[in-house]
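Colleague: This is the structure I want to talk about, given as structure tokens.
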Amino acid sequence: MCGFAGVIDIKHALEAPILEDCARNMASRISARGPDDDGFFLDKKAGFAVGFRRLSIVDLSDYGHQPMMSQDGRYVVAFNGEIYNFREIRQTLEDEGLTSWRGSSDTEVLLAAICSYGLDKAIRLFDGMFAFALWDIKTSCLHLVRDRLGEKPLYYGWCGSHFLFGSELKAFTAHDAWQPEIEERALTAFLRYSYVPEPFSIYRGILKLRPGHHVRFDVADMVPTILPKPHPYWCPKKGFEASQVRNQCIDESEALGQLEHLLSGSIKRRLIADVPLGVFLSGGIDSSIITAIAQKETPGIIKTFTLGFEDSSFSEVTHADNIAKVLGTDHTSLISNESSILQMVGRVSECYDEPFGDISQIPTMLLADMTRPHVTAVLSGDGGDELFAGYPRYGAILDRYRRNNRGRRMSFSLASSILPAGLLNRVKSFAGRPSRLGDKIFKMIEESAADTPETMQALFMSRWRMVNSIGKLDELGYFGDSDYWPAAGDDLSRLTYADSQTYLPGDLLVKIDRASMFVGLEVRSPFLNHDLVSFAWSLPSDFKRRHGSGKYLLRRLLSKYVPPELYERPKQGFEPPMAGWLRGPLREWADALLNEQSLAQDGWLEPEPIRNIWTEHLAGFRDWHFELWNVLMFQAWRGTWHV
């Protein structure tokens, strides 16, 4: 729920009304995140101002209004998200003598916990998805805090002598002095991974706060361009390493019981809302088990929603319908057509204000848009694949990694020095099509040098792995710093852990947050309860991937609610028929963005390799839709935000 944006004028150059307008205008740019109410707080003496937009989910009264001040008058908070265990924390506070409350919101409990226990201890109590800005009036100090898994976003950085922070980058564009510069390394990383890895953003000097981190700004010590180092209040690496040695000998039946207990508790907490609530049901294992337990924990009939495509080969509607019938939900199937797709493509870069290239972003936007008239909040199955090894690619990554040995690396190293890979790309196949032989050899050479599961995974997840690529691989974030890699765990466990630190917060959670908040819909992810995450990390890999299939323990749990024949099928991602769309309904739009003049603008991209694969894709020689979509999203983003 909600969104906020603020500014600190460290030189006190702005009069109070102008500073107020600045923060209000920044917050208005993200009004879709909070269509129900707006608020503002100004500390004129310190040059601090923050604006807020509210999506009312818990305590719909004015007592939930933000920014909210603590009862002792010391703190003001702008809080985006939910504290799911706020009722338990409130009861503990009451048992300790705190009996004066203004309303029933989790925001008030958050402030009360901070006042009673201090910020560091209070954060560790919270089970939730959140990003918040806490202003300490007494010390003129700003605290920015983000949840453990990165469900809610938080950006910050300098704009001249003004320090800016907010829920989305589009808020920064409202500042009068905003003059953005593209961060070249971030662009290269985006073109490879389809998202900008944390803690970087696409803009030079603007950062994302890492999940599980807290950063403090003392106004008296702030210097333009200098940013203090954030500190983790939850260290996933240490947690993962500790989990790996905790339950390795756990009995399967005991593990199944613990999984059901933890997941049921997480779902039950996430069903608390003062507005209509439903579940995204794709018919896959993750969403089906969330739906099954949610229906069990709900007194009435829960609403479920599925998005399908007119092309039935890409649609999960039938599977979801069958699951919904067995579970007895109030189910709605939403079918997208060509018209809705074309309309949504034009809004993608408005929704995702940083280049973002996950091709399922359009169906996710459509699903959120079509669901919002029915409910205000939904549960989703995000995180299940990363925690329980659900992606088929894990098998392929492990196979490639385990084939590597010293002899293989030396052979390919020698080959790379003598084979003219660029020339080999010109060799045609027997059918007269481009064989891309040089690219294939180039990829094998790259992979032969991968000496850890993480480096192999980084390569496997990369787009634009070609001889004549459009940017040098300059690793950022997790894959660029091996200090973040755990020392414990088998290869599969390390792969799933890496996904929880990269693909999950950088791609999946960005996709669902922006798409849902763009239409004022809140999405809650029960798998991302941190106790459940730690438990999943502790499980032996055999409980996750068995006989070539992932989610073994989840499948066993789901079988208690749904006949296996309804879900035992190859995994089907939430991906549209993008390859065909680019040759069909999206071709004219793509042609305009991929013409040579547009690609050459300001020298960020090299037109020749892009034009080559566009030609091959249109001719049907190869499927390049992943690579092309990243370029298209960058081009569309530049056009929308005039960068």
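Letters A, B, ... go to the chains of the structure tokens in the order shown; residues in each chain start at 1; ligands are counted from 1 in the same order.
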List the neighbours of Asp9 in chain A out to 7 Å using only C-alpha atoms; skip same-chain residues closer than 6 positions along the sequence, and give me the result as a ChimeraX atom specification.

Modeller: /A:47-48,161-163

Colleague: Can I get the selected residues back with C-alpha atoms, as a compact mmCIF listing (two decimals), in the first residue's frame?

Modeller:
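What follows is the written file selection29.txt:
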```txt
# COMPACT_ATOMS: atom_id res chain seq x y z
CA GLY A 47 14.71 21.81 5.84
CA PHE A 48 12.86 18.48 5.76
CA SER A 161 22.15 20.42 -2.72
CA HIS A 162 18.85 18.63 -2.18
CA PHE A 163 18.67 15.08 -0.87
```

Colleague: Excluding range 56-60 of chain A and its own-chain neighbours fewer than 2 positions away, which residues fall within 12 Å of it when counting only C-alpha atoms? Please give them as a PyMOL selection string.

Modeller: chain A and resi 1-3+33-38+53-54+62-66+80-84+86-87+102-109+270-277+375-378+520-524

Colleague: Compare A:Ala579, A:Leu508, A:Ile290, A:Leu42 by their minimum atom-to-atom distance to Leu558 in chain A, counting only C-alpha atoms, and give me the closest one.

Modeller: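 For Leu558 in chain A, the nearest of the candidates is A:Ile290.
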
Colleague: Which is closer to Ser333 in chain A than all the others in A:Ser349, A:Ser525, A:Ser282, A:Ser288, using only C-alpha atoms?

Modeller: A:Ser282

Colleague: Please return as JSON, numbers by chain: the residues of range 417-641 of chain A that backbone DSSP assigns to helix (DSSP H, G or I).

Modeller: {"A": [417, 418, 421, 422, 423, 424, 437, 438, 439, 440, 441, 442, 443, 444, 445, 446, 447, 448, 453, 454, 455, 456, 457, 458, 459, 460, 477, 478, 479, 480, 482, 483, 484, 491, 492, 493, 494, 495, 496, 497, 498, 499, 500, 501, 503, 504, 505, 506, 507, 508, 509, 510, 511, 512, 513, 514, 515, 516, 517, 526, 527, 528, 530, 531, 532, 533, 534, 535, 536, 537, 538, 541, 542, 543, 552, 553, 554, 555, 556, 557, 558, 564, 565, 566, 578, 579, 580, 581, 582, 583, 587, 588, 589, 590, 591, 592, 593, 596, 597, 598, 599, 601, 602, 603, 607, 608, 609, 610, 611, 612, 613, 614, 615, 616, 617, 618, 619, 625, 626, 627, 628, 629, 630, 631, 632, 633, 634, 635, 636, 637, 638, 639, 640, 641]}

Colleague: Which residues are close to Trp158 in chain A, i.e. within 8 Å by only C-alpha atoms, leaving aside same-chain residues fewer than 4 positions away? Reply as a VMD selection string.

Modeller: chain A and resid 162 to 164 205 to 206 224 to 225

Colleague: Name the residues in contact with Ile202 in chain A at a cut-off of 12 Å, using only C-alpha atoms, excluding same-chain residues fewer than 5 positions from it; report them as a list in words.

Modeller: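 Here the qualifying residues turn out to be Tyr155, Leu169, Pro180, Glu181, Ile182, Glu183, Glu184, Arg185, Ala186, Leu187, Thr188, Ala189, Phe190, Leu191, Tyr195, Val196, Pro197, Leu207, Lys208, Tyr352, Asp353, Glu354, Pro355, Phe356, Phe634, Trp637, Arg638, Trp641 and Val643 of chain A.
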
Colleague: Please produce an output containing C-alpha atoms for each residue in the selection, written as a tab-separated table (two decimals), in the first residue's frame.

Modeller:
```tsv
chain	number	residue	atom	x	y	z
A	155	TYR	CA	15.26	5.07	-3.79
A	169	LEU	CA	11.98	7.20	-9.40
A	180	PRO	CA	19.21	12.86	-14.78
A	181	GLU	CA	22.24	11.11	-16.18
A	182	ILE	CA	22.22	7.47	-17.23
A	183	GLU	CA	24.56	5.19	-15.31
A	184	GLU	CA	26.37	3.27	-18.07
A	185	ARG	CA	27.14	0.20	-15.94
A	186	ALA	CA	23.51	-0.01	-14.88
A	187	LEU	CA	22.39	0.12	-18.51
A	188	THR	CA	24.77	-2.69	-19.45
A	189	ALA	CA	23.51	-4.78	-16.55
A	190	PHE	CA	19.90	-4.11	-17.55
A	191	LEU	CA	20.48	-5.25	-21.13
A	195	TYR	CA	16.55	-5.32	-14.67
A	196	VAL	CA	18.99	-2.99	-12.91
A	197	PRO	CA	20.67	-4.86	-10.03
A	207	LEU	CA	20.62	4.28	-5.32
A	208	LYS	CA	18.14	1.65	-4.24
A	352	TYR	CA	8.04	1.00	-14.87
A	353	ASP	CA	9.96	4.26	-14.49
A	354	GLU	CA	13.29	2.44	-14.68
A	355	PRO	CA	14.14	0.24	-17.68
A	356	PHE	CA	12.58	-3.17	-17.01
A	634	PHE	CA	15.12	0.93	-22.87
A	637	TRP	CA	11.68	4.29	-21.33
A	638	ARG	CA	13.89	7.01	-22.82
A	641	TRP	CA	11.05	10.07	-19.39
A	643	VAL	CA	16.42	10.95	-20.80
```

Colleague: Using Å and a single decimal, report how far CA of Ile302 in chain A sits from CA of Lys152 in chain A.

Modeller: 25.2 Å

Colleague: Which neighbours of range 583-595 of chain A fall inside 8 Å, counting only C-alpha atoms, when residues of the same chain fewer than 6 positions from it are skipped, and could you give them as a list in words?

Modeller: Glu338, Leu342, Ile610, Arg611, His617, Leu618, Leu632, Gln635 and Ala636 of chain A

Colleague: CA of Phe309 in chain A and CA of Ile335 in chain A are how many Å apart?

Modeller: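 Separating CA of Phe309 in chain A from CA of Ile335 in chain A is a distance of 5.6 Å.
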
Colleague: Could you give me, as a Markdown table, every range 474-536 of chain A residue with an atom at most 10 Å from range 380-398 of chain A, plus its closest atom pair and distance in Å to one decimal, counting only C-alpha atoms, rows ordered by chain then number?

Modeller:
```
| residue | atom | partner | partner_atom | distance |
| --- | --- | --- | --- | --- |
| A:Asp491 | CA | A:Leu398 | CA | 7.4 |
| A:Leu492 | CA | A:Tyr394 | CA | 7.2 |
| A:Ser493 | CA | A:Ala389 | CA | 8.2 |
| A:Leu495 | CA | A:Tyr394 | CA | 7.3 |
| A:Thr496 | CA | A:Glu386 | CA | 5.2 |
| A:Tyr497 | CA | A:Glu386 | CA | 7.2 |
| A:Ala498 | CA | A:Glu386 | CA | 8.7 |
| A:Asp499 | CA | A:Glu386 | CA | 6.0 |
| A:Ser500 | CA | A:Glu386 | CA | 5.8 |
| A:Gln501 | CA | A:Glu386 | CA | 9.5 |
| A:Tyr503 | CA | A:Glu386 | CA | 8.7 |
| A:Leu504 | CA | A:Gly383 | CA | 7.0 |
| A:Pro505 | CA | A:Gly383 | CA | 9.7 |
| A:Leu508 | CA | A:Asp382 | CA | 7.5 |
| A:Leu509 | CA | A:Asp382 | CA | 7.8 |
| A:Ile512 | CA | A:Asp382 | CA | 8.9 |
| A:Val523 | CA | A:Ser380 | CA | 6.6 |
| A:Arg524 | CA | A:Ser380 | CA | 6.1 |
| A:Ser525 | CA | A:Ser380 | CA | 5.2 |
| A:Pro526 | CA | A:Gly381 | CA | 7.1 |
| A:Phe527 | CA | A:Gly383 | CA | 5.6 |
| A:Leu528 | CA | A:Gly383 | CA | 6.2 |
| A:Asn529 | CA | A:Gly383 | CA | 9.8 |
| A:Leu532 | CA | A:Leu387 | CA | 9.1 |
| A:Val533 | CA | A:Leu387 | CA | 6.8 |
| A:Ser534 | CA | A:Leu387 | CA | 9.3 |
| A:Phe535 | CA | A:Leu387 | CA | 9.3 |
| A:Ala536 | CA | A:Leu387 | CA | 5.8 |
```

Colleague: Quick one: of A:Glu297, A:Glu350, A:Asp120, A:Glu316, who's nearest to Leu334 in chain A, counting only C-alpha atoms?

Modeller: A:Glu316

Colleague: Which is closer to Ala133 in chain A than all the others in A:Arg192, A:Arg463, A:Arg216, A:Lys229, using only C-alpha atoms?

Modeller: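 Closest candidate: A:Arg216.
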
Colleague: Residues at most 9 Å from Ala49 in chain A, counting only C-alpha atoms, excluding those fewer than 4 positions away in the same chain, as a PyMOL selection string?

Modeller: chain A and resi 5-9+19-20+22-24+40-44

Colleague: Keeping only C-alpha atoms, write the selected residues as a PDB file, in the first residue's frame.

Modeller:
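Output contents, as saved in out_15.pdb:
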```
ATOM      1  CA  ALA A   5       8.556  11.044  -1.438  1.00  0.00           C
ATOM      2  CA  GLY A   6      10.561  13.703   0.330  1.00  0.00           C
ATOM      3  CA  VAL A   7      13.400  16.172   0.277  1.00  0.00           C
ATOM      4  CA  ILE A   8      16.026  17.625   2.608  1.00  0.00           C
ATOM      5  CA  ASP A   9      17.256  21.110   1.734  1.00  0.00           C
ATOM      6  CA  LEU A  19       9.716  23.247   0.124  1.00  0.00           C
ATOM      7  CA  GLU A  20       6.195  22.057   0.844  1.00  0.00           C
ATOM      8  CA  CYS A  22       8.355  20.376  -3.778  1.00  0.00           C
ATOM      9  CA  ALA A  23       7.452  17.423  -1.559  1.00  0.00           C
ATOM     10  CA  ARG A  24       3.770  17.535  -2.514  1.00  0.00           C
ATOM     11  CA  PHE A  40       2.319  16.120   4.198  1.00  0.00           C
ATOM     12  CA  PHE A  41       4.811  16.948   6.941  1.00  0.00           C
ATOM     13  CA  LEU A  42       7.290  19.835   7.117  1.00  0.00           C
ATOM     14  CA  ASP A  43      10.136  20.451   9.568  1.00  0.00           C
ATOM     15  CA  LYS A  44      11.018  23.980   8.512  1.00  0.00           C
TER      16      LYS A  44
END
```

Colleague: Report, in Å to a single decimal, how far apart CA of Val279 in chain A and CA of Thr329 in chain A are.

Modeller: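 Computing it gives 9.7 Å between the two atoms.
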
Colleague: Between A:Val631, A:Leu539, A:Cys351, A:Ile18, which is the closest to Ser598 in chain A once you count only C-alpha atoms?

Modeller: A:Val631
